[in-house]
Structures are given as C-alpha cells and as structure tokens.
$ cat data.tsv   # TSV, C-alpha atoms
chain	number	residue	atom	x	y	z
A	7	MET	CA	-8.01	7.30	12.61
A	8	LEU	CA	-9.50	4.46	10.60
A	9	GLN	CA	-10.03	1.31	12.68
A	10	ILE	CA	-9.17	-1.88	10.78
A	11	SER	CA	-9.98	-5.38	11.98
A	12	LYS	CA	-10.48	-7.29	8.73
A	13	LEU	CA	-8.07	-8.54	6.09
A	14	LEU	CA	-8.86	-10.01	2.67
A	15	GLN	CA	-5.96	-12.16	1.52
A	16	GLN	CA	-4.87	-10.91	-1.91
A	17	GLY	CA	-8.23	-9.12	-2.21
A	18	ALA	CA	-10.14	-12.41	-2.29
A	19	GLY	CA	-13.61	-11.92	-3.73
A	20	LEU	CA	-13.03	-8.35	-4.90
A	21	ALA	CA	-13.02	-7.25	-8.52
A	22	SER	CA	-9.68	-5.88	-9.72
A	23	VAL	CA	-11.32	-2.53	-10.57
A	24	ILE	CA	-12.28	-2.13	-6.88
A	25	ILE	CA	-8.80	-3.17	-5.70
A	26	ASN	CA	-7.20	-0.67	-8.08
A	27	ARG	CA	-9.33	2.17	-6.62
A	28	ALA	CA	-8.25	1.43	-3.05
A	29	THR	CA	-5.75	3.66	-1.34
A	30	THR	CA	-2.44	2.02	-0.47
A	31	VAL	CA	-0.20	1.60	2.53
A	32	GLU	CA	3.44	0.60	2.21
A	33	LEU	CA	4.65	-1.60	5.08
A	34	SER	CA	7.92	-3.37	5.88
A	35	TRP	CA	8.04	-7.04	6.83
A	36	ASP	CA	8.72	-6.07	10.44
A	37	VAL	CA	5.33	-4.31	10.60
A	38	ARG	CA	3.41	-6.80	8.42
A	39	GLN	CA	4.19	-9.72	10.74
A	40	LYS	CA	2.44	-7.98	13.64
A	41	SER	CA	-1.29	-8.25	14.18
A	42	ARG	CA	-1.59	-4.83	15.82
A	43	PHE	CA	0.09	-1.73	14.44
A	44	SER	CA	-0.38	1.89	13.39
A	45	ALA	CA	0.37	3.20	9.92
A	46	VAL	CA	-0.43	6.05	7.55
A	47	ASP	CA	-1.87	5.36	4.09
A	48	ALA	CA	-0.86	7.10	0.84
A	49	GLN	CA	-3.54	9.77	1.40
A	50	GLY	CA	-2.18	10.64	4.85
A	51	THR	CA	-4.95	8.90	6.81
A	52	ALA	CA	-3.92	7.34	10.13
A	53	LEU	CA	-4.70	3.63	10.40
A	54	GLY	CA	-5.13	1.59	13.55
A	55	VAL	CA	-4.85	-2.09	12.63
A	56	PHE	CA	-6.21	-4.71	15.06
A	57	LEU	CA	-6.18	-8.14	13.40
A	58	PRO	CA	-6.55	-11.53	15.07
A	59	ARG	CA	-3.35	-12.65	16.81
A	60	GLY	CA	-1.02	-14.52	14.50
A	61	THR	CA	-2.28	-12.79	11.34
A	62	VAL	CA	0.47	-11.96	8.86
A	63	VAL	CA	-0.16	-9.22	6.31
A	64	ARG	CA	1.28	-9.77	2.80
A	65	GLY	CA	1.82	-7.43	-0.09
A	66	GLY	CA	-1.38	-7.50	-2.16
A	67	ASP	CA	-3.64	-8.06	0.84
A	68	ILE	CA	-6.58	-5.70	1.39
A	69	LEU	CA	-7.28	-4.17	4.78
A	70	VAL	CA	-10.93	-3.32	5.41
A	71	ALA	CA	-11.74	-0.44	7.76
A	72	ALA	CA	-14.84	-0.36	9.97
A	73	ASP	CA	-16.42	2.19	7.60
A	74	GLY	CA	-15.79	-0.03	4.55
A	75	THR	CA	-12.70	1.81	3.29
A	76	LEU	CA	-10.32	-0.52	1.44
A	77	ILE	CA	-6.54	-0.19	1.79
A	78	ARG	CA	-4.23	-2.24	-0.47
A	79	VAL	CA	-0.99	-3.31	1.21
A	80	ILE	CA	2.29	-2.87	-0.62
A	81	ALA	CA	5.37	-4.69	0.66
A	82	ALA	CA	7.86	-1.87	1.22
A	83	PRO	CA	11.41	-2.17	-0.04
A	84	GLN	CA	13.80	-2.84	2.83
A	85	ALA	CA	17.36	-3.93	3.40
A	86	VAL	CA	17.71	-7.65	2.60
A	87	LEU	CA	20.45	-10.03	1.54
A	88	LYS	CA	19.89	-11.49	-1.92
A	89	ILE	CA	21.56	-14.86	-2.35
A	90	THR	CA	22.37	-16.34	-5.77
A	91	HIS	CA	24.52	-19.23	-6.92
A	92	CYS	CA	28.01	-18.45	-8.16
A	93	THR	CA	27.85	-18.53	-11.96
A	94	ALA	CA	31.60	-19.26	-12.21
A	95	HIS	CA	31.70	-22.52	-10.29
A	96	GLY	CA	28.30	-23.13	-8.67
A	97	THR	CA	24.91	-24.43	-9.71
A	98	PRO	CA	21.31	-23.49	-8.86
A	99	TYR	CA	21.33	-26.58	-6.59
A	100	ASP	CA	23.52	-24.56	-4.22
A	101	LEU	CA	20.42	-22.47	-3.41
A	102	ILE	CA	18.63	-25.60	-2.19
A	103	ARG	CA	21.55	-26.37	0.13
A	104	ALA	CA	21.50	-22.78	1.39
A	105	ALA	CA	17.73	-22.89	2.01
A	106	TYR	CA	18.19	-26.12	3.97
A	107	HIS	CA	20.89	-24.62	6.21
A	108	LEU	CA	18.95	-21.38	6.73
A	109	GLY	CA	15.79	-23.35	7.51
A	110	ASN	CA	17.65	-25.33	10.17
A	111	ARG	CA	18.39	-21.97	11.81
A	112	HIS	CA	14.72	-20.91	11.59
A	113	VAL	CA	15.64	-17.88	9.50
A	114	PRO	CA	12.73	-16.16	7.71
A	115	ILE	CA	13.49	-16.74	4.03
A	116	GLU	CA	11.95	-15.77	0.73
A	117	LEU	CA	12.33	-18.51	-1.87
A	118	LYS	CA	12.53	-17.75	-5.58
A	119	PRO	CA	13.63	-20.06	-8.42
A	120	ASP	CA	16.83	-18.08	-9.01
A	121	HIS	CA	17.56	-16.52	-5.60
A	122	LEU	CA	16.81	-16.41	-1.88
A	123	LYS	CA	16.30	-13.40	0.37
A	124	ILE	CA	16.91	-13.06	4.10
A	125	GLU	CA	17.10	-10.18	6.53
A	126	PRO	CA	20.63	-8.76	6.96
A	127	ASP	CA	22.89	-10.87	9.18
A	128	HIS	CA	26.67	-10.73	8.75
A	129	VAL	CA	27.23	-14.17	10.34
A	130	LEU	CA	24.79	-15.83	7.92
A	131	ALA	CA	26.24	-13.85	5.01
A	132	ASP	CA	29.72	-15.18	5.87
A	133	MET	CA	28.37	-18.75	6.12
A	134	LEU	CA	26.70	-18.43	2.70
A	135	ARG	CA	29.82	-16.98	1.09
A	136	ALA	CA	31.80	-19.91	2.54
A	137	MET	CA	29.33	-22.15	0.67
A	138	HIS	CA	30.43	-20.34	-2.54
A	139	LEU	CA	27.20	-18.38	-2.88
A	140	THR	CA	26.96	-14.74	-3.93
A	141	VAL	CA	25.45	-12.51	-1.23
A	142	THR	CA	24.41	-8.97	-2.16
A	143	SER	CA	22.82	-6.25	0.00
A	144	VAL	CA	19.76	-4.79	-1.75
A	145	ASP	CA	16.62	-2.81	-0.91
A	146	GLU	CA	13.65	-4.88	-2.06
A	147	ALA	CA	10.27	-6.09	-0.82
A	148	PHE	CA	10.58	-9.08	1.52
A	149	GLU	CA	7.92	-11.83	1.53
A	150	PRO	CA	9.30	-14.78	3.51
A	151	GLU	CA	7.63	-18.18	3.49
A	152	ALA	CA	4.88	-18.62	6.07
A	153	GLY	CA	6.14	-22.06	7.08
A	154	ALA	CA	4.65	-25.51	6.79
A	155	TYR	CA	2.50	-25.17	9.90
A	156	ALA	CA	1.21	-21.64	9.32
A	157	SER	CA	-2.54	-21.26	9.17
A	158	GLY	CA	-4.27	-19.43	6.38
A	159	GLY	CA	-1.34	-19.63	3.97
A	160	HIS	CA	-1.12	-17.17	1.11
A	161	GLY	CA	-1.64	-18.99	-2.13
A	162	HIS	CA	0.55	-21.97	-1.32
A	163	GLY	CA	-2.24	-24.46	-0.62
A	164	HIS	CA	-3.49	-27.12	-2.97
A	165	GLN	CA	-6.08	-25.02	-4.74
A	166	HIS	CA	-4.35	-25.01	-8.10
A	167	GLY	CA	-6.52	-27.14	-10.29
A	168	HIS	CA	-5.31	-30.70	-9.88
A	169	GLY	CA	-5.85	-33.55	-7.48
A	170	HIS	CA	-3.28	-35.40	-5.42
A	171	GLY	CA	-4.14	-39.08	-5.40
A	172	HIS	CA	-2.26	-41.52	-3.25
A	173	GLY	CA	-2.23	-44.52	-5.56
A	174	HIS	CA	-0.41	-45.14	-8.83
A	175	GLY	CA	-1.79	-43.23	-11.77
A	176	GLU	CA	-4.20	-41.13	-9.69
A	177	HIS	CA	-2.45	-37.79	-10.23
A	178	THR	CA	-4.53	-35.93	-12.79
A	179	HIS	CA	-4.39	-32.40	-14.18
A	180	THR	CA	-7.43	-30.35	-15.19

$ encode --input "data.tsv" --output "structure tokens"
Amino acid sequence: MLQISKLLQQGAGLASVIINRATTVELSWDVRQKSRFSAVDAQGTALGVFLPRGTVVRGGDILVAADGTLIRVIAAPQAVLKITHCTAHGTPYDLIRAAYHLGNRHVPIELKPDHLKIEPDHVLADMLRAMHLTVTSVDEAFEPEAGAYASGGHGHGHQHGHGHGHGHGEHTHT
C-alpha cells in the first residue's frame, strides 16, 4: 500500500508532461472531502491517504506518495441534480436566486455560468421546481465551492493578474 501524506493543488509546480505520466485515481466527492481514506489507483495499487485535517481533494490535484509516486485525482461521475433556468419563461438570473436559497441552507453547490449542481435531495428538487427551475438527475463530476472561509482555496483567490485598489480609478489590469 502506498502511503500518501502530501497533496499538490492542481499539480502546482509540476510540468504537464510529468502530470500526464502520473497514474490516476477516480474519487467521488464523498471521498475527496475526507482527509483520510483508502483507494485503489488505475494500476490496481492500494493507496492509504493521510492528509492534514480539513484538506479537500479536487479533481486535477496530485497526490504524492512517500516513495515519490505521483497520482492524479479525477473527480468521479456521481449522481447529482443539475439545475438550469427554464428557457420558456425564466432567465439565467433565476440561477442566482436558487444559489442564494441553497446557500442559506448550507448545501454544497457547484456554480457554473449556465447551471448549478447539488447532491440529490428530493425536498430541494421540489423547492427548485417551485421556483420554475429545471432540475435533472445526471451522473457527472461534482466540484462544489469551498466556501468563503475555506483555507487554501483552489484557484479562486486573487492571483489572476490584476490588482484590487480601494480608491477611485485604482483598478488596473495587466
């Protein structure tokens, strides 16, 4: 069993050629939100993962074994509810309203420009349909938002090439 206690978010610092050579492990959201779990990689090797408490593993992350072996994480398809606005009488704004109401219920939610995803819940599905949204059961990867107070966010920080000034005219793009 390979012992793993290190994670490189999105393969930070590794060349893509090295990432592409790594074996893979496909994990559901339920497993990826745990800091300690067992899994089997694509080559059949048993993995024992022991990450710092509170660590969340995302699709595209690289697990590093004690012997230096690299394992690329793939977010496994799983049952989710895909929420879209009703094209007949709704607008994309309806998704913002839905995200607000789901957030108030502390529901893990994946936000996309044209849809939302949540874990299956018939009560929430009924609420969303009552808001005139389209709710469809699908099997897809699930990557919910980490939340505003999560540490070590995945690519949602302010490292995207422009400053955020606080006065008038200080917002510049590079």

$ closest_residue --input "data.tsv" --among "A:Thr142, A:Gln49, A:Ser11, A:Thr93" --to "Thr61 of chain A" --atoms "only C-alpha atoms"
A:Ser11

$ residues_near_point --input "data.tsv" --point "(18.7, -3.8, -2.5)" --cutoff "9 Å" --atoms "all atoms listed in the file" --output "CSV table (one decimal) with C-alpha atoms, keeping the file's coordinate frame"
chain,number,residue,atom,x,y,z
A,83,PRO,CA,11.4,-2.2,0.0
A,84,GLN,CA,13.8,-2.8,2.8
A,85,ALA,CA,17.4,-3.9,3.4
A,86,VAL,CA,17.7,-7.6,2.6
A,87,LEU,CA,20.4,-10.0,1.5
A,88,LYS,CA,19.9,-11.5,-1.9
A,142,THR,CA,24.4,-9.0,-2.2
A,143,SER,CA,22.8,-6.2,0.0
A,144,VAL,CA,19.8,-4.8,-1.8
A,145,ASP,CA,16.6,-2.8,-0.9
A,146,GLU,CA,13.6,-4.9,-2.1
A,147,ALA,CA,10.3,-6.1,-0.8

$ residues_around --input "data.tsv" --residues "Ile89 of chain A" --least-positions-apart "5" --cutoff "8 Å" --atoms "only C-alpha atoms" --output "list in words"
Leu101, His121, Leu122, Lys123, Leu139, Thr140, Val141 and Thr142 of chain A

$ closest_residue --input "data.tsv" --among "A:Ile77, A:Ala45, A:Val63, A:Val129" --to "Met7 of chain A" --atoms "all atoms listed in the file"
A:Ala45

$ closest_residue --input "data.tsv" --among "A:Gly17, A:Gly153, A:Pro114, A:Pro126" --to "Arg64 of chain A" --atoms "only C-alpha atoms"
A:Gly17

$ closest_residue --input "data.tsv" --among "A:Asp132, A:Glu125, A:Asp73, A:Glu116" --to "Gln9 of chain A" --atoms "only C-alpha atoms"
A:Asp73

$ atom_distance --input "data.tsv" --atom1 "atom CA of Pro58 of chain A" --atom2 "atom CA of Val113 of chain A"
23.7 Å

$ closest_residue --input "data.tsv" --among "A:Leu134, A:Ile68, A:Leu53, A:Leu8" --to "His91 of chain A" --atoms "only C-alpha atoms"
A:Leu134

$ closest_residue --input "data.tsv" --among "A:Ile102, A:Leu117, A:Val31, A:Leu57" --to "Ile80 of chain A" --atoms "only C-alpha atoms"
A:Val31

$ atom_distance --input "data.tsv" --atom1 "atom CA of Pro119 of chain A" --atom2 "atom CA of His138 of chain A"
17.8 Å
